[in-house]
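Q: Provided below: final39.csv, containing CSV, C-alpha atoms and all ligand atoms.
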```csv
chain,number,residue,atom,x,y,z
K,23,MET,CA,0.0,0.0,0.0
K,24,ALA,CA,1.5,3.4,-1.0
K,25,ILE,CA,1.7,6.1,1.6
K,26,LYS,CA,-0.2,9.3,0.9
K,27,LYS,CA,1.6,11.7,3.2
K,28,GLU,CA,5.0,12.2,4.7
K,29,LEU,CA,5.7,10.0,7.7
K,30,LYS,CA,7.5,12.0,10.3
K,31,PHE,CA,9.5,10.2,13.0
K,32,PRO,CA,9.9,11.5,16.5
K,33,LYS,CA,12.6,14.0,17.3
K,34,GLY,CA,15.9,12.3,18.3
K,35,PHE,CA,14.9,9.1,16.5
K,36,LEU,CA,18.0,6.8,16.1
K,37,TRP,CA,18.7,5.8,12.5
K,38,GLY,CA,21.3,3.2,12.0
K,39,SER,CA,22.5,-0.2,10.9
K,40,ALA,CA,24.0,-3.1,12.8
K,41,VAL,CA,26.9,-5.5,12.6
K,42,SER,CA,28.3,-8.1,15.0
K,43,ALA,CA,32.0,-8.9,15.7
K,44,HIS,CA,32.4,-12.4,14.4
K,45,GLN,CA,30.4,-11.7,11.3
K,46,VAL,CA,32.5,-8.8,10.1
K,47,GLU,CA,35.9,-8.5,11.9
K,48,GLY,CA,37.7,-11.6,10.6
K,49,ASN,CA,40.3,-13.9,12.3
K,50,ASN,CA,38.4,-14.3,15.5
K,51,VAL,CA,40.8,-17.1,16.4
K,52,ASN,CA,40.1,-17.5,20.1
K,53,SER,CA,36.4,-18.0,19.7
K,54,ASP,CA,34.4,-21.3,19.7
K,55,TRP,CA,33.0,-20.4,16.3
K,56,TRP,CA,36.4,-20.2,14.8
K,57,GLU,CA,37.4,-23.5,16.3
K,58,TRP,CA,34.2,-25.1,15.0
K,59,GLU,CA,34.8,-23.7,11.5
K,60,GLN,CA,38.3,-25.1,11.6
K,61,LYS,CA,36.8,-28.5,12.1
K,62,GLY,CA,34.6,-28.0,9.1
K,63,GLY,CA,31.5,-26.6,10.8
K,64,GLY,CA,29.1,-24.5,8.7
K,65,LYS,CA,29.1,-24.0,4.9
K,66,GLU,CA,32.1,-21.7,4.9
K,67,HIS,CA,35.0,-20.5,7.1
K,68,SER,CA,34.6,-16.9,8.3
K,69,GLY,CA,38.3,-16.2,7.5
K,70,THR,CA,39.0,-12.5,7.2
K,71,ALA,CA,35.2,-11.9,7.0
K,72,CYS,CA,34.9,-8.3,6.0
K,73,ASN,CA,38.1,-7.3,7.7
K,74,PHE,CA,36.2,-4.8,9.7
K,75,TYR,CA,38.9,-5.3,12.3
K,76,ASN,CA,41.3,-3.3,10.1
K,77,ARG,CA,38.9,-1.4,7.9
K,78,TYR,CA,36.5,0.0,10.6
K,79,GLU,CA,37.5,3.6,9.8
K,80,GLU,CA,36.3,3.1,6.2
K,81,ASP,CA,33.0,1.5,7.4
K,82,ILE,CA,32.3,4.2,10.0
K,83,LYS,CA,32.8,6.8,7.3
K,84,ILE,CA,30.2,5.0,5.3
K,85,VAL,CA,27.8,5.1,8.3
K,86,ARG,CA,28.3,8.8,8.5
K,87,ASP,CA,28.1,9.4,4.7
K,88,LEU,CA,24.8,7.5,4.7
K,89,ASN,CA,23.4,10.0,7.3
K,90,GLN,CA,23.0,7.4,10.0
K,91,ASN,CA,23.1,8.9,13.5
K,92,ALA,CA,23.7,5.6,15.3
K,93,PHE,CA,25.6,2.4,14.9
K,94,ARG,CA,25.1,-1.0,16.5
K,95,LEU,CA,28.3,-3.2,16.8
K,96,SER,CA,29.5,-5.9,19.2
K,97,LEU,CA,32.5,-6.5,21.3
K,98,GLU,CA,34.1,-9.8,21.0
K,99,TRP,CA,34.5,-11.6,24.3
K,100,ALA,CA,37.1,-14.0,22.8
K,101,ARG,CA,39.4,-11.1,21.9
K,102,ILE,CA,38.9,-9.2,25.1
K,103,GLU,CA,39.3,-12.2,27.4
K,104,PRO,CA,41.2,-14.7,25.3
K,105,GLY,CA,42.2,-16.8,28.4
K,106,MET,CA,40.1,-17.2,31.5
K,107,GLY,CA,40.6,-14.1,33.6
K,108,GLU,CA,43.3,-12.8,31.2
K,109,PHE,CA,42.3,-9.5,29.6
K,110,SER,CA,44.0,-8.1,26.5
K,111,LYS,CA,45.1,-4.5,26.8
K,112,LYS,CA,45.7,-4.4,23.0
K,113,GLU,CA,42.1,-5.4,22.2
K,114,MET,CA,40.7,-3.1,24.8
K,115,GLU,CA,42.5,-0.3,23.1
K,116,HIS,CA,41.4,-1.5,19.7
K,117,TYR,CA,37.7,-1.3,20.7
K,118,ARG,CA,38.2,2.1,22.4
K,119,GLU,CA,39.6,3.4,19.1
K,120,ILE,CA,36.5,2.2,17.2
K,121,LEU,CA,34.1,3.7,19.7
K,122,LYS,CA,36.1,7.0,19.8
K,123,SER,CA,36.0,7.1,16.0
K,124,LEU,CA,32.1,6.8,16.2
K,125,LYS,CA,31.8,9.4,18.9
K,126,ASP,CA,34.1,11.8,17.1
K,127,LYS,CA,31.6,11.7,14.2
K,128,GLY,CA,28.7,12.3,16.5
K,129,ILE,CA,27.3,8.8,16.1
K,130,THR,CA,25.4,7.2,18.9
K,131,THR,CA,27.0,4.0,20.0
K,132,PHE,CA,24.8,0.9,20.6
K,133,VAL,CA,27.1,-1.8,21.9
K,134,THR,CA,26.3,-5.5,22.1
K,135,ILE,CA,28.4,-7.4,24.7
K,136,HIS,CA,27.5,-10.9,23.6
K,137,HIS,CA,26.5,-11.8,20.0
K,138,PHE,CA,26.5,-15.6,19.8
K,139,THR,CA,30.3,-16.3,20.1
K,140,ASN,CA,32.2,-17.4,23.1
K,141,PRO,CA,35.9,-17.7,24.1
K,142,ILE,CA,37.2,-21.2,23.6
K,143,TRP,CA,38.1,-21.5,27.3
K,144,PHE,CA,34.5,-20.7,28.2
K,145,ALA,CA,33.1,-23.2,25.7
K,146,ASN,CA,35.5,-25.8,27.2
K,147,LEU,CA,34.0,-25.3,30.6
K,148,GLY,CA,30.6,-26.2,29.2
K,149,GLY,CA,29.7,-22.7,27.9
K,150,TRP,CA,26.3,-21.5,28.8
K,151,GLU,CA,25.3,-24.9,30.2
K,152,ASN,CA,27.7,-24.4,33.1
K,153,CYS,CA,26.0,-23.2,36.2
K,154,LYS,CA,28.8,-20.7,36.7
K,155,SER,CA,28.5,-19.2,33.2
K,156,SER,CA,26.8,-16.1,34.5
K,157,LYS,CA,29.7,-15.6,37.0
K,158,TYR,CA,32.3,-15.8,34.2
K,159,PHE,CA,30.2,-13.5,32.0
K,160,SER,CA,29.7,-11.0,34.9
K,161,ARG,CA,33.5,-10.5,35.2
K,162,TYR,CA,33.7,-9.7,31.4
K,163,VAL,CA,30.8,-7.3,31.6
K,164,LYS,CA,32.3,-5.5,34.6
K,165,TYR,CA,35.5,-5.2,32.5
K,166,CYS,CA,33.5,-3.7,29.6
K,167,ALA,CA,31.7,-1.3,31.8
K,168,HIS,CA,35.0,-0.1,33.3
K,169,HIS,CA,36.9,0.3,30.0
K,170,PHE,CA,34.3,1.3,27.5
K,171,GLU,CA,31.3,2.9,29.2
K,172,ASP,CA,32.4,6.5,28.7
K,173,LEU,CA,32.1,5.8,25.0
K,174,VAL,CA,28.9,3.8,25.0
K,175,ASP,CA,25.5,5.3,24.8
K,176,LEU,CA,23.3,2.2,25.0
K,177,TRP,CA,24.2,-1.4,25.8
K,178,ILE,CA,22.7,-4.6,24.6
K,179,THR,CA,24.1,-7.2,27.1
K,180,VAL,CA,23.0,-10.2,25.1
K,181,ASN,CA,21.7,-10.7,21.6
K,182,GLU,CA,18.8,-13.1,21.0
K,183,PRO,CA,19.1,-15.7,23.8
K,184,THR,CA,16.2,-17.7,22.3
K,185,VAL,CA,18.0,-18.0,19.0
K,186,TYR,CA,21.3,-18.8,20.5
K,187,ALA,CA,19.8,-21.6,22.7
K,188,GLY,CA,17.7,-22.8,19.8
K,189,GLN,CA,20.3,-22.9,17.1
K,190,SER,CA,23.1,-24.3,19.3
K,191,TYR,CA,21.3,-26.6,21.7
K,192,LEU,CA,18.0,-27.6,20.1
K,193,LEU,CA,18.4,-27.6,16.3
K,194,GLY,CA,22.1,-28.5,16.6
K,195,LEU,CA,23.1,-26.1,13.8
K,196,TRP,CA,25.7,-24.0,15.6
K,197,PRO,CA,28.4,-25.0,18.0
K,198,PRO,CA,28.4,-27.0,20.2
K,199,GLN,CA,25.7,-28.7,18.1
K,200,LYS,CA,23.6,-30.3,20.7
K,201,LYS,CA,20.0,-31.3,20.3
K,202,ASN,CA,18.4,-31.4,23.7
K,203,PHE,CA,15.4,-29.5,24.9
K,204,LEU,CA,16.4,-29.4,28.5
K,205,ARG,CA,19.9,-28.2,27.7
K,206,ALA,CA,18.5,-25.5,25.5
K,207,CYS,CA,16.2,-24.3,28.4
K,208,ARG,CA,19.2,-24.3,30.8
K,209,VAL,CA,21.3,-22.3,28.3
K,210,PHE,CA,18.5,-19.8,27.8
K,211,LEU,CA,17.9,-19.4,31.5
K,212,ASN,CA,21.6,-19.0,32.2
K,213,MET,CA,21.8,-16.2,29.7
K,214,ILE,CA,18.8,-14.5,31.3
K,215,GLU,CA,20.4,-14.9,34.7
K,216,ALA,CA,23.6,-13.4,33.3
K,217,TYR,CA,21.7,-10.5,32.0
K,218,ASN,CA,20.0,-9.8,35.4
K,219,LYS,CA,23.2,-10.4,37.3
K,220,THR,CA,25.2,-7.9,35.2
K,221,SER,CA,22.5,-5.2,35.1
K,222,LEU,CA,24.0,-3.3,38.1
K,223,SER,CA,27.4,-3.1,36.5
K,224,LEU,CA,26.1,-1.0,33.6
K,225,LYS,CA,25.2,2.6,34.2
K,226,LYS,CA,24.1,3.4,30.7
K,227,PRO,CA,20.7,2.2,29.5
K,228,HIS,CA,20.8,-1.5,28.7
K,229,GLY,CA,18.6,-4.2,27.4
K,230,ILE,CA,18.4,-7.4,25.4
K,231,ALA,CA,17.9,-7.7,21.7
K,232,HIS,CA,15.1,-10.2,21.5
K,233,ASN,CA,14.4,-12.0,18.3
K,234,ILE,CA,10.6,-11.9,18.1
K,235,PRO,CA,8.8,-13.7,15.3
K,236,ARG,CA,5.0,-13.5,15.0
K,237,PHE,CA,2.6,-16.4,14.7
K,238,THR,CA,-0.9,-16.3,13.3
K,239,GLY,CA,-3.4,-19.1,13.4
K,240,SER,CA,-6.2,-20.1,10.9
K,241,LYS,CA,-9.7,-19.9,12.2
K,242,ASN,CA,-9.3,-23.4,13.8
K,243,PRO,CA,-9.3,-22.9,17.6
K,244,LEU,CA,-6.4,-25.2,18.1
K,245,ASP,CA,-4.3,-23.2,15.6
K,246,LEU,CA,-5.3,-20.0,17.3
K,247,LEU,CA,-4.3,-21.4,20.7
K,248,LEU,CA,-1.0,-22.6,19.3
K,249,ALA,CA,-0.3,-19.2,17.8
K,250,LYS,CA,-1.2,-17.4,21.0
K,251,SER,CA,1.0,-19.6,23.1
K,252,LEU,CA,4.0,-19.2,20.7
K,253,ASN,CA,3.6,-15.5,20.7
K,254,PHE,CA,3.6,-15.6,24.5
K,255,ILE,CA,6.7,-17.8,24.6
K,256,PHE,CA,8.8,-15.8,22.1
K,257,LEU,CA,7.6,-12.3,23.0
K,258,ASP,CA,6.5,-12.2,26.6
K,259,ILE,CA,8.6,-14.8,28.5
K,260,PRO,CA,12.1,-13.5,27.7
K,261,ILE,CA,10.9,-10.0,28.5
K,262,LEU,CA,9.1,-10.9,31.7
K,263,LEU,CA,12.1,-12.8,33.0
K,264,CYS,CA,14.1,-9.6,33.3
K,265,LEU,CA,11.5,-6.9,32.9
K,266,LYS,CA,12.6,-4.7,35.8
K,267,LYS,CA,16.2,-4.7,34.6
K,268,GLN,CA,15.6,-3.7,31.0
K,269,ASP,CA,15.8,0.0,30.4
K,270,PHE,CA,14.5,-0.6,26.9
K,271,ILE,CA,13.3,-3.5,24.8
K,272,GLY,CA,15.3,-4.4,21.7
K,273,VAL,CA,13.4,-6.0,18.9
K,274,ASN,CA,15.0,-8.0,16.1
K,275,TYR,CA,12.2,-8.8,13.6
K,276,TYR,CA,12.5,-11.0,10.6
K,277,SER,CA,9.5,-13.3,10.1
K,278,GLN,CA,5.9,-14.1,10.5
K,279,PHE,CA,4.6,-17.7,10.5
K,280,LYS,CA,1.1,-18.9,9.9
K,281,ILE,CA,-0.3,-22.1,11.4
K,282,LYS,CA,-2.9,-24.2,9.6
K,283,ASN,CA,-4.1,-27.6,11.0
K,284,GLY,CA,-1.1,-27.6,13.2
K,285,LYS,CA,1.4,-27.1,10.3
K,286,PHE,CA,3.7,-24.1,10.2
K,287,SER,CA,4.6,-22.1,7.1
K,288,PHE,CA,6.1,-18.7,6.4
K,289,ASP,CA,3.6,-16.0,5.8
K,290,TYR,CA,4.6,-14.5,2.5
K,291,LEU,CA,2.4,-11.5,2.7
K,292,LEU,CA,4.4,-9.1,0.6
K,293,GLY,CA,7.0,-11.5,-0.9
K,294,ARG,CA,10.1,-13.3,0.0
K,295,THR,CA,13.8,-12.7,0.5
K,296,ASP,CA,16.8,-14.6,-1.0
K,297,MET,CA,16.7,-16.8,2.1
K,298,GLU,CA,13.0,-17.6,1.5
K,299,TRP,CA,12.2,-15.6,4.6
K,300,PRO,CA,8.9,-13.8,4.3
K,301,ILE,CA,8.3,-10.1,3.9
K,302,ALA,CA,5.6,-9.5,6.4
K,303,PRO,CA,5.8,-6.0,8.0
K,304,GLU,CA,2.4,-6.6,9.6
K,305,GLY,CA,4.1,-8.9,12.1
K,306,LEU,CA,6.4,-6.0,13.2
K,307,TYR,CA,3.4,-3.7,13.7
K,308,LYS,CA,1.5,-6.3,15.8
K,309,ILE,CA,4.6,-7.1,17.9
K,310,LEU,CA,5.2,-3.4,18.6
K,311,LEU,CA,1.6,-2.9,19.6
K,312,ASN,CA,1.8,-6.0,21.8
K,313,LEU,CA,4.9,-4.6,23.6
K,314,LYS,CA,3.2,-1.3,24.5
K,315,LYS,CA,1.9,-2.9,27.7
K,316,TYR,CA,5.5,-3.1,29.1
K,317,LYS,CA,5.8,0.7,29.0
K,318,LYS,CA,9.4,0.7,28.0
K,319,PRO,CA,11.2,2.5,25.2
K,320,ILE,CA,11.6,0.2,22.2
K,321,TYR,CA,14.4,0.0,19.6
K,322,ILE,CA,14.2,-2.0,16.5
K,323,THR,CA,17.7,-3.4,16.9
K,324,GLU,CA,17.6,-5.5,13.7
K,325,ASN,CA,15.4,-5.8,10.6
K,326,GLY,CA,16.6,-6.6,7.2
K,327,CYS,CA,16.7,-8.9,4.2
K,328,ALA,CA,19.0,-11.0,2.1
K,329,ASP,CA,18.8,-9.6,-1.4
K,330,SER,CA,21.9,-10.0,-3.5
K,331,GLN,CA,20.4,-8.1,-6.5
K,332,ASP,CA,19.1,-5.2,-4.3
K,333,LYS,CA,15.7,-5.6,-5.9
K,334,ILE,CA,13.5,-5.7,-2.8
K,335,ARG,CA,15.6,-4.0,-0.1
K,336,LYS,CA,14.2,-0.5,-0.6
K,337,PHE,CA,10.6,-1.8,-0.5
K,338,TYR,CA,11.4,-4.0,2.5
K,339,ILE,CA,12.8,-1.1,4.5
K,340,LYS,CA,9.9,1.2,3.5
K,341,GLU,CA,7.3,-1.3,4.4
K,342,HIS,CA,8.8,-2.0,7.8
K,343,LEU,CA,9.3,1.7,8.5
K,344,LYS,CA,5.6,2.2,7.7
K,345,ALA,CA,4.7,-0.5,10.2
K,346,ALA,CA,7.0,1.1,12.8
K,347,HIS,CA,5.4,4.5,12.1
K,348,MET,CA,1.9,3.2,12.4
K,349,ALA,CA,2.9,1.7,15.8
K,350,ILE,CA,4.3,5.1,16.9
K,351,GLU,CA,1.0,6.8,15.9
K,352,ASN,CA,-0.8,4.3,18.1
K,353,GLY,CA,1.2,5.3,21.1
K,354,VAL,CA,4.1,2.8,21.0
K,355,ASP,CA,7.4,4.4,22.2
K,356,VAL,CA,9.7,3.3,19.3
K,357,ARG,CA,12.9,5.3,19.4
K,358,GLY,CA,15.1,3.8,16.8
K,359,TYR,CA,15.6,1.5,13.8
K,360,PHE,CA,18.7,-0.4,12.9
K,361,TYR,CA,18.9,-2.1,9.5
K,362,TRP,CA,20.6,-5.4,9.5
K,363,SER,CA,23.2,-5.2,8.2
K,364,LEU,CA,25.5,-2.3,7.2
K,365,ILE,CA,27.7,-4.6,5.1
K,366,ASP,CA,27.3,-8.1,3.5
K,367,ASN,CA,28.7,-10.3,6.2
K,368,PHE,CA,29.3,-13.8,7.4
K,369,GLU,CA,25.9,-15.2,8.0
K,370,TRP,CA,26.7,-17.9,10.5
K,371,HIS,CA,26.3,-21.5,9.2
K,372,TRP,CA,25.0,-20.2,5.9
K,373,GLY,CA,28.4,-18.6,5.1
K,374,PHE,CA,28.8,-15.5,2.9
K,375,LYS,CA,26.0,-16.3,0.4
K,376,PRO,CA,23.1,-14.3,2.0
K,377,ARG,CA,23.6,-10.7,1.2
K,378,PHE,CA,22.0,-8.5,3.8
K,379,GLY,CA,24.2,-5.4,3.4
K,380,LEU,CA,23.2,-1.8,2.6
K,381,VAL,CA,26.8,-2.0,1.3
K,382,GLU,CA,28.0,-4.8,-1.0
K,383,ILE,CA,31.3,-6.5,-0.2
K,384,ASP,CA,33.0,-7.7,-3.3
K,385,ARG,CA,34.7,-10.9,-2.1
K,386,ARG,CA,36.6,-11.2,-5.4
K,387,ASN,CA,38.0,-7.8,-5.3
K,388,ASN,CA,39.8,-7.2,-2.0
K,389,LEU,CA,36.5,-6.9,-0.1
K,390,LYS,CA,35.8,-3.6,-1.8
K,391,ARG,CA,32.8,-1.7,-0.4
K,392,LYS,CA,30.1,-0.7,-2.8
K,393,ILE,CA,27.1,1.3,-1.7
K,394,ARG,CA,23.9,-0.2,-2.9
K,395,LYS,CA,21.0,1.9,-4.3
K,396,SER,CA,18.7,1.0,-1.5
K,397,ALA,CA,21.3,2.4,1.0
K,398,LYS,CA,20.9,5.8,-0.7
K,399,CYS,CA,17.1,5.7,-0.3
K,400,TYR,CA,17.5,4.7,3.4
K,401,SER,CA,20.0,7.5,3.8
K,402,LYS,CA,17.5,10.0,2.7
K,403,VAL,CA,15.0,8.8,5.3
K,404,CYS,CA,17.8,9.0,8.0
K,405,GLU,CA,18.8,12.5,6.9
K,406,GLU,CA,15.2,13.9,6.9
K,407,ASN,CA,13.8,11.9,9.8
K,408,LEU,CA,10.8,11.2,7.6
K,409,MET,CA,9.7,9.0,4.8
K,410,LYS,CA,8.2,10.5,1.7
K,411,PRO,CA,5.3,9.0,-0.3
C,1,LIG,C1,21.2,-12.3,14.2
C,1,LIG,C2,22.2,-11.8,13.2
C,1,LIG,C3,22.0,-12.5,11.9
C,1,LIG,C4,20.6,-12.2,11.4
C,1,LIG,C5,20.3,-12.7,10.0
C,1,LIG,C6,19.8,-12.3,13.6
C,1,LIG,O1,19.0,-13.3,14.3
C,1,LIG,O2,21.3,-11.5,15.3
C,1,LIG,O3,23.5,-12.1,13.7
C,1,LIG,O4,23.0,-12.2,10.9
C,1,LIG,O5,19.7,-12.7,12.3
C,1,LIG,O6,20.5,-14.1,9.9
```
So that I can check it, write out the structure of this file as C-alpha cells.
A:
Amino acid sequence: MAIKKELKFPKGFLWGSAVSAHQVEGNNVNSDWWEWEQKGGGKEHSGTACNFYNRYEEDIKIVRDLNQNAFRLSLEWARIEPGMGEFSKKEMEHYREILKSLKDKGITTFVTIHHFTNPIWFANLGGWENCKSSKYFSRYVKYCAHHFEDLVDLWITVNEPTVYAGQSYLLGLWPPQKKNFLRACRVFLNMIEAYNKTSLSLKKPHGIAHNIPRFTGSKNPLDLLLAKSLNFIFLDIPILLCLKKQDFIGVNYYSQFKIKNGKFSFDYLLGRTDMEWPIAPEGLYKILLNLKKYKKPIYITENGCADSQDKIRKFYIKEHLKAAHMAIENGVDVRGYFYWSLIDNFEWHWGFKPRFGLVEIDRRNNLKRKIRKSAKCYSKVCEENLMKP
C-alpha cells in the first residue's frame, strides 16, 4: 500500500545499521565459532570476514556518509578475554579506538556485549550450560563497563538468547551442536540470569535484543491457541524474566509464520527474500503494539533482508518503517531503527552467500565496499527523519 503523506518520525529518533564482531571482523581465532569452523562446521569459514577489524574507519565513514546517526556493533569476548581471567590490553585499546571514532563523528553507539560467540576457554568449561556461566560473564561485563562505558550510549548485554539456545542446543546447527530441549532451556535461563546479574554493573541504558517472530493461526481454535502460546513464549517470556532490569526493549524482527491444521509455514504477505524468509511487516506492527503494555522504550535493533540483487531492499525497508510509524502513531514508544546489516557479512552456518548489506562487499575484489542503491534511499530517510510517499 502506497503512503499518501510524509511519515515523520519522533525527534531524536535513532537511525542506524548493525553488525556483530564475528560476522565482520575476521580472524576471530580465540572463539568457539572459529574453532568449530576449523573442524569443518558450517558452509564456509569466516576467515577474514569483511576485515572490519582493520577497515573499521572506512566503514564508519560510510555510516556517516549514509546519514545514520547511530551504529550497533558488538564487542568480541574471545578477543577481550582470550584466556580465563586474562584480559587483553591491546584489544581493549582497539575497541576504544573504534568507539572513539564513532563518537568523534557524532554517532550514537549501541554496543552489544555478547553476540553468539564465546571464548574457547568458556566453551571448554561447558559454555552457557555451566551453572557458573553467569559468573564468568559478569566478570567480562564488569571489565567492559569499566573500560568502555564512557564511549557507549546504549548497551545490549546479550543478543537473542532464544536464537542462541535454539540454534546451538535444540536444532544443533551451531556450536556446540547439541539437540536437547532441557539443555536448550538451561542455556536460555543461564543467559537471562547473566543479564540480570550484570545489570547493576552497567550505568548506561541497557537491554536485550530479542528475536521476536510472530505467529498467526487459521480460524481453527487449536491453531489459534497454538499461535497465541507461541507469541507468548517468544515475545513475553524472555521479557518478563528480566522486565525490571531492562531500560528498553530491543526487537529483532525477521519473520511471521502462519499455522494451519497444526502445520507451520512462512507468511509471504508481501513476498520473500533470498533466504526464502517472508516479507511481512504486519508482524512487526503487531509485535510493537503488543509490547506497548510493558511501558518501555523500544528500539528495532535488527530488521533486514538478504537480497543480492538489491531488488527488494528499498521496498522491504519502507514497508517495515511504515509499520513502525503506524505503531508510533498508536502510542508505542519506538525510538530507533537499525537495519541489518551495514555490510554483507558472514551469515553464520549459511556462510557468505546471503547478502544483507546496505553495502555490497566484493569478495573477489579485495573486499571492496560498494554502496547499494537501497542504501541511498534509506540514507534520505535518515537525513530527513521522515519517509516521503
Ligand atoms: C542475528 C544476526 C544474523 C541475522 C540474519 C539475527 O538473528 O542477530 O547475527 O545475521 O539474524 O540471519
Q: May I ask for the distance between atom CA of K:Arg86 and atom CA of K:His168, given in Å to one decimal place?
A: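 A separation of 27.2 Å between them.
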Q: Give as a PyMOL selection string the residues surrounding ligand LIG 1 (chain C) up to a distance of 8 Å, considering only C-alpha atoms and all ligand atoms.
A: chain K and resi 41-42+45+137-138+181-182+185+233+274+276+324+326-327+362-363+367-370+378
Q: Could you check the closest approach to K:Ala249 for each of K:Leu263, K:Asp175, K:Phe286, K:Met213 and tell me which residue wins, using only C-alpha atoms?
A: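 Result for the nearest residue to K:Ala249: K:Phe286.
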Q: Can you pull out every residue within 8 Å of K:Ile214, counting all atoms listed in the file, but drop anything in the same chain fewer than 4 positions away, and send it as a PyMOL selection string?
A: chain K and resi 183+210+218+260+263-264
Q: Let's have the selection written as a PDB file, in the frame of the given file, with C-alpha atoms.
A:
```pdb
ATOM      1  CA  PRO K 183      19.100 -15.700  23.800  1.00  0.00           C
ATOM      2  CA  PHE K 210      18.500 -19.800  27.800  1.00  0.00           C
ATOM      3  CA  ASN K 218      20.000  -9.800  35.400  1.00  0.00           C
ATOM      4  CA  PRO K 260      12.100 -13.500  27.700  1.00  0.00           C
ATOM      5  CA  LEU K 263      12.100 -12.800  33.000  1.00  0.00           C
ATOM      6  CA  CYS K 264      14.100  -9.600  33.300  1.00  0.00           C
TER       7      CYS K 264
END
```
Q: Name all residues at most 12 Å from K:Ser156 (count all atoms listed in the file; drop same-chain ones fewer than 2 positions away) and give them as a VMD selection string.
A: chain K and resid 144 149 to 154 158 to 164 179 to 180 208 to 221
Q: Please save C-alpha atoms of the selected residues as an mmCIF file, in the coordinates of the input.
A:
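part39.cif written:
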```cif
data_model
loop_
_atom_site.group_PDB
_atom_site.id
_atom_site.type_symbol
_atom_site.label_atom_id
_atom_site.label_comp_id
_atom_site.auth_asym_id
_atom_site.auth_seq_id
_atom_site.Cartn_x
_atom_site.Cartn_y
_atom_site.Cartn_z
ATOM 1 C CA PHE K 144 34.500 -20.700 28.200
ATOM 2 C CA GLY K 149 29.700 -22.700 27.900
ATOM 3 C CA TRP K 150 26.300 -21.500 28.800
ATOM 4 C CA GLU K 151 25.300 -24.900 30.200
ATOM 5 C CA ASN K 152 27.700 -24.400 33.100
ATOM 6 C CA CYS K 153 26.000 -23.200 36.200
ATOM 7 C CA LYS K 154 28.800 -20.700 36.700
ATOM 8 C CA TYR K 158 32.300 -15.800 34.200
ATOM 9 C CA PHE K 159 30.200 -13.500 32.000
ATOM 10 C CA SER K 160 29.700 -11.000 34.900
ATOM 11 C CA ARG K 161 33.500 -10.500 35.200
ATOM 12 C CA TYR K 162 33.700 -9.700 31.400
ATOM 13 C CA VAL K 163 30.800 -7.300 31.600
ATOM 14 C CA LYS K 164 32.300 -5.500 34.600
ATOM 15 C CA THR K 179 24.100 -7.200 27.100
ATOM 16 C CA VAL K 180 23.000 -10.200 25.100
ATOM 17 C CA ARG K 208 19.200 -24.300 30.800
ATOM 18 C CA VAL K 209 21.300 -22.300 28.300
ATOM 19 C CA PHE K 210 18.500 -19.800 27.800
ATOM 20 C CA LEU K 211 17.900 -19.400 31.500
ATOM 21 C CA ASN K 212 21.600 -19.000 32.200
ATOM 22 C CA MET K 213 21.800 -16.200 29.700
ATOM 23 C CA ILE K 214 18.800 -14.500 31.300
ATOM 24 C CA GLU K 215 20.400 -14.900 34.700
ATOM 25 C CA ALA K 216 23.600 -13.400 33.300
ATOM 26 C CA TYR K 217 21.700 -10.500 32.000
ATOM 27 C CA ASN K 218 20.000 -9.800 35.400
ATOM 28 C CA LYS K 219 23.200 -10.400 37.300
ATOM 29 C CA THR K 220 25.200 -7.900 35.200
ATOM 30 C CA SER K 221 22.500 -5.200 35.100
#
```
Q: Between K:Asp366, K:Glu113, K:Asp126, K:Asp245, which one has atoms that come closest to K:Phe279, using only C-alpha atoms?
A: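 Under the stated criterion, the closest residue is K:Asp245.
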Q: I'd like to know which of K:Lys83, K:Lys344, K:His232, K:Arg377 is closest to K:Ile320, using only C-alpha atoms.
A: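 Among the listed residues, K:His232 lies closest to K:Ile320.
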Q: I'd like a table as a tab-separated table: residues in stretch 315-397 of chain K with an atom no more than 7 Å from stretch 291-298 of chain K, each row giving the shortest atom pair and its distance in Å to one decimal, only C-alpha atoms counted, sorted by chain and rising residue number.
A:
```
residue	atom	partner	partner_atom	distance
K:Cys327	CA	K:Thr295	CA	6.0
K:Ala328	CA	K:Asp296	CA	5.2
K:Asp329	CA	K:Asp296	CA	5.4
K:Pro376	CA	K:Met297	CA	6.9
```
Q: Pick from K:Trp177, K:Tyr307, K:Tyr321, K:Tyr316: nearest to K:Glu351, with only C-alpha atoms counted?
A: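 Closest to K:Glu351 of all the choices is K:Tyr307.
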Q: Skipping near chain neighbours, those fewer than 2 positions away, what residues fall within 10 Å of K:Phe132 using all atoms listed in the file, listed as a PyMOL selection string?
A: chain K and resi 38+40+92-96+121+129-130+134-135+173-178+227-228+323+360
Q: Give the answer as one residue: which of K:Ile281, K:Ala145, K:Leu262, K:Ile365 has the shortest atom-to-atom distance to K:Pro243, using only C-alpha atoms?
A: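 Closest to K:Pro243 of all the choices is K:Ile281.
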Q: Give as a PyMOL selection string every residue, naming chains and numbers as the document does, that has an atom within 9 Å of (33.6, -13.9, 7.6), counting only C-alpha atoms.
A: chain K and resi 44-49+66-73+367-370+373-374
Q: So, counting only C-alpha atoms, which residue among K:Lys280, K:Trp37, K:Glu79, K:His371 is closest to K:Gly64?
A: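 Under the stated criterion, the closest residue is K:His371.
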